[in-house]
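Asks: Handing over upload_35.txt, compact mmCIF, C-alpha atoms.
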```
# COMPACT_ATOMS: atom_id res chain seq x y z
CA ASP A 1 0.98 -18.62 -8.63
CA THR A 2 1.22 -15.56 -10.88
CA GLU A 3 4.42 -14.05 -9.61
CA VAL A 4 8.06 -14.03 -10.49
CA THR A 5 10.18 -14.43 -7.38
CA GLN A 6 13.80 -13.46 -6.98
CA THR A 7 16.32 -14.29 -4.27
CA PRO A 8 18.11 -12.79 -2.53
CA LYS A 9 16.50 -9.36 -2.17
CA HIS A 10 19.84 -7.76 -1.38
CA LEU A 11 23.39 -8.95 -1.98
CA VAL A 12 26.72 -7.41 -1.05
CA MET A 13 29.78 -9.03 -2.53
CA GLY A 14 33.45 -8.36 -2.90
CA MET A 15 35.20 -8.22 -6.25
CA THR A 16 36.72 -11.68 -5.75
CA ASN A 17 33.53 -13.39 -4.64
CA LYS A 18 31.36 -15.82 -6.55
CA LYS A 19 27.63 -15.54 -6.00
CA SER A 20 24.39 -16.40 -7.78
CA LEU A 21 21.05 -14.73 -8.25
CA LYS A 22 17.98 -16.87 -8.54
CA CYS A 23 14.68 -16.32 -10.34
CA GLU A 24 11.65 -18.59 -10.30
CA GLN A 25 8.23 -18.64 -11.94
CA HIS A 26 5.46 -21.22 -11.94
CA MET A 27 3.25 -19.71 -14.61
CA GLY A 28 4.38 -22.12 -17.30
CA HIS A 29 6.19 -19.31 -19.11
CA ARG A 30 8.76 -20.40 -21.69
CA ALA A 31 10.74 -17.18 -22.01
CA MET A 32 12.80 -15.70 -19.18
CA TYR A 33 14.87 -12.54 -19.06
CA TRP A 34 17.60 -10.83 -17.05
CA TYR A 35 17.71 -7.03 -16.93
CA LYS A 36 20.07 -4.65 -15.21
CA GLN A 37 18.71 -1.38 -13.84
CA LYS A 38 20.95 1.39 -12.56
CA ALA A 39 19.52 4.07 -10.30
CA LYS A 40 17.11 6.43 -12.07
CA LYS A 41 17.61 4.58 -15.36
CA PRO A 42 15.39 2.21 -17.33
CA PRO A 43 15.95 -1.54 -17.35
CA GLU A 44 18.57 -2.76 -19.83
CA LEU A 45 18.24 -6.23 -21.27
CA MET A 46 21.11 -8.62 -20.54
CA PHE A 47 19.96 -12.13 -21.52
CA VAL A 48 16.91 -13.93 -22.88
CA TYR A 49 16.17 -17.63 -22.60
CA SER A 50 13.52 -19.15 -24.80
CA TYR A 51 12.51 -22.74 -24.14
CA GLU A 52 15.54 -23.09 -21.86
CA LYS A 53 17.98 -22.07 -24.58
CA LEU A 54 19.90 -18.82 -24.59
CA SER A 55 18.47 -16.75 -27.43
CA ILE A 56 19.83 -13.27 -26.72
CA ASN A 57 23.07 -12.17 -25.06
CA GLU A 58 23.40 -8.39 -25.20
CA SER A 59 27.20 -8.49 -25.26
CA VAL A 60 27.30 -8.88 -21.51
CA PRO A 61 30.77 -9.36 -19.95
CA SER A 62 31.64 -12.97 -19.15
CA ARG A 63 31.75 -12.22 -15.43
CA PHE A 64 27.96 -12.61 -15.70
CA SER A 65 26.96 -16.17 -16.56
CA PRO A 66 23.30 -17.08 -17.00
CA GLU A 67 21.88 -20.53 -16.55
CA CYS A 68 18.41 -21.97 -17.12
CA PRO A 69 18.30 -25.38 -15.41
CA ASN A 70 14.62 -25.91 -16.22
CA SER A 71 11.61 -24.03 -17.51
CA SER A 72 10.82 -22.53 -14.08
CA LEU A 73 14.26 -21.46 -12.96
CA LEU A 74 16.76 -18.88 -14.12
CA ASN A 75 20.08 -18.21 -12.45
CA LEU A 76 22.67 -15.51 -12.91
CA HIS A 77 26.14 -16.51 -11.74
CA LEU A 78 28.42 -13.66 -10.75
CA HIS A 79 32.19 -13.78 -10.55
CA ALA A 80 34.88 -11.13 -10.25
CA LEU A 81 32.44 -8.26 -10.52
CA GLN A 82 33.38 -4.61 -10.56
CA PRO A 83 31.90 -1.82 -8.41
CA GLU A 84 30.16 -0.42 -11.51
CA ASP A 85 28.15 -3.65 -11.68
CA SER A 86 26.24 -2.53 -8.60
CA ALA A 87 22.61 -2.24 -9.69
CA LEU A 88 19.13 -3.71 -9.37
CA TYR A 89 18.94 -6.97 -11.31
CA LEU A 90 15.48 -7.77 -12.59
CA CYS A 91 14.16 -11.07 -13.82
CA ALA A 92 11.12 -11.31 -16.05
CA SER A 93 9.17 -14.04 -17.75
CA SER A 94 6.61 -14.27 -20.53
CA ALA A 95 4.54 -17.01 -22.10
CA GLY A 96 6.67 -16.77 -25.22
CA GLN A 97 9.29 -14.55 -26.74
CA THR A 98 7.02 -12.50 -28.97
CA SER A 99 5.10 -9.27 -28.67
CA SER A 100 1.88 -11.10 -27.93
CA TYR A 101 3.11 -11.95 -24.51
CA GLU A 102 3.29 -9.63 -21.53
CA GLN A 103 6.51 -9.69 -19.55
CA TYR A 104 6.03 -10.23 -15.83
CA PHE A 105 8.78 -8.74 -13.70
CA GLY A 106 10.17 -9.87 -10.39
CA PRO A 107 10.94 -7.45 -7.54
CA GLY A 108 14.65 -7.53 -8.28
CA THR A 109 17.88 -8.23 -6.41
CA ARG A 110 19.77 -5.15 -5.30
CA LEU A 111 23.46 -5.94 -5.77
CA THR A 112 26.29 -3.96 -4.24
CA VAL A 113 29.85 -4.78 -5.24
CA THR A 114 32.49 -3.54 -2.81
CA ALA B 1 18.41 2.25 -34.79
CA GLN B 2 15.42 1.97 -32.53
CA ARG B 3 15.01 4.58 -29.84
CA VAL B 4 12.37 5.66 -27.35
CA THR B 5 12.35 9.21 -26.04
CA GLN B 6 10.45 10.42 -23.03
CA PRO B 7 11.24 14.14 -22.89
CA GLU B 8 10.02 14.75 -19.34
CA LYS B 9 11.98 13.20 -16.47
CA LEU B 10 9.53 14.68 -13.97
CA LEU B 11 5.88 15.66 -14.32
CA SER B 12 3.73 17.08 -11.58
CA VAL B 13 -0.01 17.77 -11.86
CA PHE B 14 -2.86 18.35 -9.44
CA LYS B 15 -5.45 15.74 -8.63
CA GLY B 16 -8.36 15.93 -11.04
CA ALA B 17 -6.32 17.63 -13.76
CA PRO B 18 -5.60 15.98 -17.10
CA VAL B 19 -2.24 14.31 -17.51
CA GLU B 20 -0.22 13.48 -20.59
CA LEU B 21 3.08 11.64 -20.57
CA LYS B 22 4.93 12.02 -23.83
CA CYS B 23 6.67 9.24 -25.74
CA ASN B 24 8.29 9.46 -29.15
CA TYR B 25 9.95 6.61 -30.94
CA SER B 26 12.30 5.93 -33.78
CA TYR B 27 11.90 2.60 -35.56
CA SER B 28 12.13 1.56 -39.19
CA GLY B 29 9.55 -1.21 -39.06
CA SER B 30 5.99 -1.43 -37.85
CA PRO B 31 6.23 -0.50 -34.17
CA GLU B 32 4.74 -2.28 -31.19
CA LEU B 33 4.63 -0.01 -28.18
CA PHE B 34 3.91 -0.43 -24.51
CA TRP B 35 3.59 1.57 -21.33
CA TYR B 36 5.01 0.02 -18.16
CA VAL B 37 4.48 1.47 -14.68
CA GLN B 38 6.32 1.10 -11.41
CA TYR B 39 4.49 2.22 -8.28
CA SER B 40 6.46 2.92 -5.12
CA ARG B 41 7.85 -0.29 -3.59
CA GLN B 42 6.20 -2.40 -6.29
CA ARG B 43 7.52 -4.28 -9.26
CA LEU B 44 7.50 -3.06 -12.83
CA GLN B 45 4.24 -4.02 -14.55
CA LEU B 46 2.59 -3.62 -17.92
CA LEU B 47 0.01 -0.82 -18.02
CA LEU B 48 -1.12 -1.06 -21.61
CA ARG B 49 -0.02 -1.92 -25.14
CA HIS B 50 -1.07 -0.21 -28.33
CA ILE B 51 -2.34 -3.33 -30.09
CA SER B 52 -4.95 -3.85 -27.38
CA ARG B 53 -6.47 -0.39 -27.78
CA GLU B 54 -7.71 -0.67 -24.22
CA SER B 55 -8.10 1.73 -21.33
CA ILE B 56 -6.47 0.66 -18.08
CA LYS B 57 -7.04 2.60 -14.85
CA GLY B 58 -8.44 5.40 -16.99
CA PHE B 59 -5.28 5.67 -19.09
CA THR B 60 -5.26 5.50 -22.86
CA ALA B 61 -2.51 5.77 -25.43
CA ASP B 62 -2.86 6.17 -29.17
CA LEU B 63 -0.18 5.30 -31.65
CA ASN B 64 0.39 8.18 -34.08
CA LYS B 65 2.65 6.90 -36.84
CA GLY B 66 2.81 10.28 -38.54
CA GLU B 67 4.22 11.94 -35.44
CA THR B 68 5.95 8.73 -34.25
CA SER B 69 4.36 9.20 -30.86
CA PHE B 70 2.60 7.07 -28.26
CA HIS B 71 1.57 9.52 -25.57
CA LEU B 72 -0.15 8.30 -22.41
CA LYS B 73 -3.21 10.26 -21.33
CA LYS B 74 -5.70 10.37 -18.50
CA PRO B 75 -8.45 12.98 -18.28
CA PHE B 76 -8.59 13.20 -14.47
CA ALA B 77 -5.48 12.29 -12.50
CA GLN B 78 -5.74 10.44 -9.18
CA GLU B 79 -3.21 10.49 -6.35
CA GLU B 80 -2.64 6.75 -6.78
CA ASP B 81 -1.36 7.43 -10.31
CA SER B 82 1.89 8.74 -8.84
CA ALA B 83 4.56 6.39 -10.16
CA MET B 84 7.42 5.93 -12.62
CA TYR B 85 6.19 5.40 -16.17
CA TYR B 86 8.26 3.81 -18.94
CA CYS B 87 7.40 3.78 -22.62
CA ALA B 88 8.83 0.73 -24.40
CA LEU B 89 9.24 -0.36 -28.00
CA LEU B 90 9.49 -3.95 -29.16
CA ASN B 91 12.39 -4.50 -31.52
CA GLN B 92 10.68 -7.21 -33.53
CA GLY B 93 13.77 -8.40 -35.28
CA ALA B 94 15.65 -8.94 -32.05
CA GLN B 95 12.48 -9.70 -30.05
CA LYS B 96 13.47 -7.45 -27.19
CA LEU B 97 12.00 -4.44 -25.42
CA VAL B 98 13.72 -1.08 -25.61
CA PHE B 99 12.73 1.26 -22.78
CA GLY B 100 12.60 5.03 -22.68
CA GLN B 101 14.29 6.89 -19.83
CA GLY B 102 11.08 7.10 -17.85
CA THR B 103 8.90 9.88 -16.47
CA ARG B 104 8.23 10.22 -12.77
CA LEU B 105 4.65 11.39 -12.36
CA THR B 106 3.58 13.05 -9.14
CA ILE B 107 -0.08 13.85 -8.48
CA ASN B 108 -0.48 16.61 -5.93
CA PRO B 109 -3.56 16.65 -3.68
```
Would you mind writing the file's structure down as structure tokens?
Replies:
Amino acid sequence: DTEVTQTPKHLVMGMTNKKSLKCEQHMGHRAMYWYKQKAKKPPELMFVYSYEKLSINESVPSRFSPECPNSSLLNLHLHALQPEDSALYLCASSAGQTSSYEQYFGPGTRLTVT
Amino acid sequence: AQRVTQPEKLLSVFKGAPVELKCNYSYSGSPELFWYVQYSRQRLQLLLRHISRESIKGFTADLNKGETSFHLKKPFAQEEDSAMYYCALLNQGAQKLVFGQGTRLTINP
């Protein structure tokens, strides 16, 4: 299995809801990433996990809470989001967190906050 | 601060014509640069990286440290090359990718 999968594909949530995005890979990769991509913009890094530990948090608001339960899974818990948080959320993984390793991207979850 | 600039948001060329997508960077250290591509309805994927010095799908990119550029070139464009192309720089200290704004390439038949 050489793919990163993300669920759900689409998510609509209200500003008071709590929801989670899920990302999975079975390539044995030890680094996993969350990116946010607004329309017609490049991906922006949010979080990096390396060996299941949070190694980078790009000053993301606390209403976004990442979790890495094991080496194959990455979650992004969402709570009290704002309409401006509507975007495509991309997950990626790589064998390690260095330049030697290609990042493999998932198809993304398109999130709409109403 | 590190920065990647792709001056063209849109680029349109005819099939069989040469294509060049421009990328300039700003980085104080020794840069590592990449080109990522996103075809319609497909996920973002790595096209090539400068350290590999390889040609993928007929594309090449040469790092020019004097001009701080990493332009992507292909001598004869194909219709299937139509896609969104992102140039990216690895911030080695922070170990994260910094993307340019992207260039949407359209190959006309």
Asks: Return the single residue from B:Phe76, B:Phe34, B:Tyr39, B:Phe59 that is closest to Ala17 (chain B), with distances computed using only C-alpha atoms.
Replies: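 Residue with the minimum atom-to-atom distance to Ala17 (chain B): B:Phe76.
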Asks: Go through chain B residue by residue and, counting all atoms listed in the file, keep those with an atom at most 9 Å from chain A; for each kept residue give the shortest atom pair and its distance in Å to one decimal, ordered by chain and increasing number, as CSV.
Replies:
```
residue,atom,partner,partner_atom,distance
B:Glu32,CA,A:Ser99,CA,7.4
B:Arg41,CA,A:Pro107,CA,8.7
B:Gln42,CA,A:Pro107,CA,7.0
B:Arg43,CA,A:Pro107,CA,5.0
B:Leu44,CA,A:Phe105,CA,5.9
B:Gln45,CA,A:Tyr104,CA,6.6
B:Leu46,CA,A:Glu102,CA,7.0
B:Tyr86,CA,A:Pro42,CA,7.5
B:Leu90,CA,A:Ser99,CA,6.9
B:Gln92,CA,A:Ser99,CA,7.7
B:Ala94,CA,A:Ile56,CA,8.0
B:Gln95,CA,A:Thr98,CA,6.2
B:Lys96,CA,A:Leu45,CA,7.7
B:Leu97,CA,A:Leu45,CA,7.7
B:Val98,CA,A:Glu44,CA,7.7
B:Phe99,CA,A:Pro42,CA,6.1
B:Gly100,CA,A:Pro42,CA,6.7
B:Gln101,CA,A:Pro42,CA,5.4
B:Gly102,CA,A:Pro42,CA,6.5
```
Asks: Go ahead and write the residues just picked, C-alpha atoms, as a PDB file, in the coordinates of the input.
Replies:
```
ATOM      1  CA  GLU B  32       4.740  -2.280 -31.190  1.00  0.00           C
ATOM      2  CA  ARG B  41       7.850  -0.290  -3.590  1.00  0.00           C
ATOM      3  CA  GLN B  42       6.200  -2.400  -6.290  1.00  0.00           C
ATOM      4  CA  ARG B  43       7.520  -4.280  -9.260  1.00  0.00           C
ATOM      5  CA  LEU B  44       7.500  -3.060 -12.830  1.00  0.00           C
ATOM      6  CA  GLN B  45       4.240  -4.020 -14.550  1.00  0.00           C
ATOM      7  CA  LEU B  46       2.590  -3.620 -17.920  1.00  0.00           C
ATOM      8  CA  TYR B  86       8.260   3.810 -18.940  1.00  0.00           C
ATOM      9  CA  LEU B  90       9.490  -3.950 -29.160  1.00  0.00           C
ATOM     10  CA  GLN B  92      10.680  -7.210 -33.530  1.00  0.00           C
ATOM     11  CA  ALA B  94      15.650  -8.940 -32.050  1.00  0.00           C
ATOM     12  CA  GLN B  95      12.480  -9.700 -30.050  1.00  0.00           C
ATOM     13  CA  LYS B  96      13.470  -7.450 -27.190  1.00  0.00           C
ATOM     14  CA  LEU B  97      12.000  -4.440 -25.420  1.00  0.00           C
ATOM     15  CA  VAL B  98      13.720  -1.080 -25.610  1.00  0.00           C
ATOM     16  CA  PHE B  99      12.730   1.260 -22.780  1.00  0.00           C
ATOM     17  CA  GLY B 100      12.600   5.030 -22.680  1.00  0.00           C
ATOM     18  CA  GLN B 101      14.290   6.890 -19.830  1.00  0.00           C
ATOM     19  CA  GLY B 102      11.080   7.100 -17.850  1.00  0.00           C
TER      20      GLY B 102
END
```
Asks: Set the distance at 8 Å and use only C-alpha atoms: which residues neighbour Ser50 (chain A) once local chain neighbours fewer than 4 positions away are removed? I'd like the list as a list in words.
Replies: Arg30, Ala31, Met32, Leu54, Ser55, Gly96 and Gln97 of chain A
Asks: Check the smallest atom-to-atom distance from each of B:Ser12, B:Trp35, B:Pro18, B:Leu47 to Ile107 (chain B) using only C-alpha atoms, then report the winner.
Replies: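 So, comparing all the options, the nearest one is B:Ser12.
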Asks: Calculated over only C-alpha atoms, which of the candidates B:Asn91, B:Ser82, B:Ser30, B:Asn24 has the smallest distance to Leu11 (chain B)?
Replies: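 Of B:Asn91, B:Ser82, B:Ser30, B:Asn24, the one nearest Leu11 (chain B), counting only C-alpha atoms, is B:Ser82.
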Asks: I need every residue sitting at most 10 Å from the point (1.2, 3.0, -18.6) (coordinates as in the file, only C-alpha atoms considered), written as an MDAnalysis selection string.
Replies: chainID B and resid 21 34:38 45:49 55:57 59:61 71:73 81 83:88
Asks: Between A:Cys23, A:Val12, A:Ala95, A:Val113, which residue has the minimum interatomic distance to Glu67 (chain A), considering only C-alpha atoms?
Replies: A:Cys23
Asks: What is the CA of Glu79 (chain B)-CA of Thr106 (chain B) distance in Å, reported with one decimal?
Replies: 7.8 Å
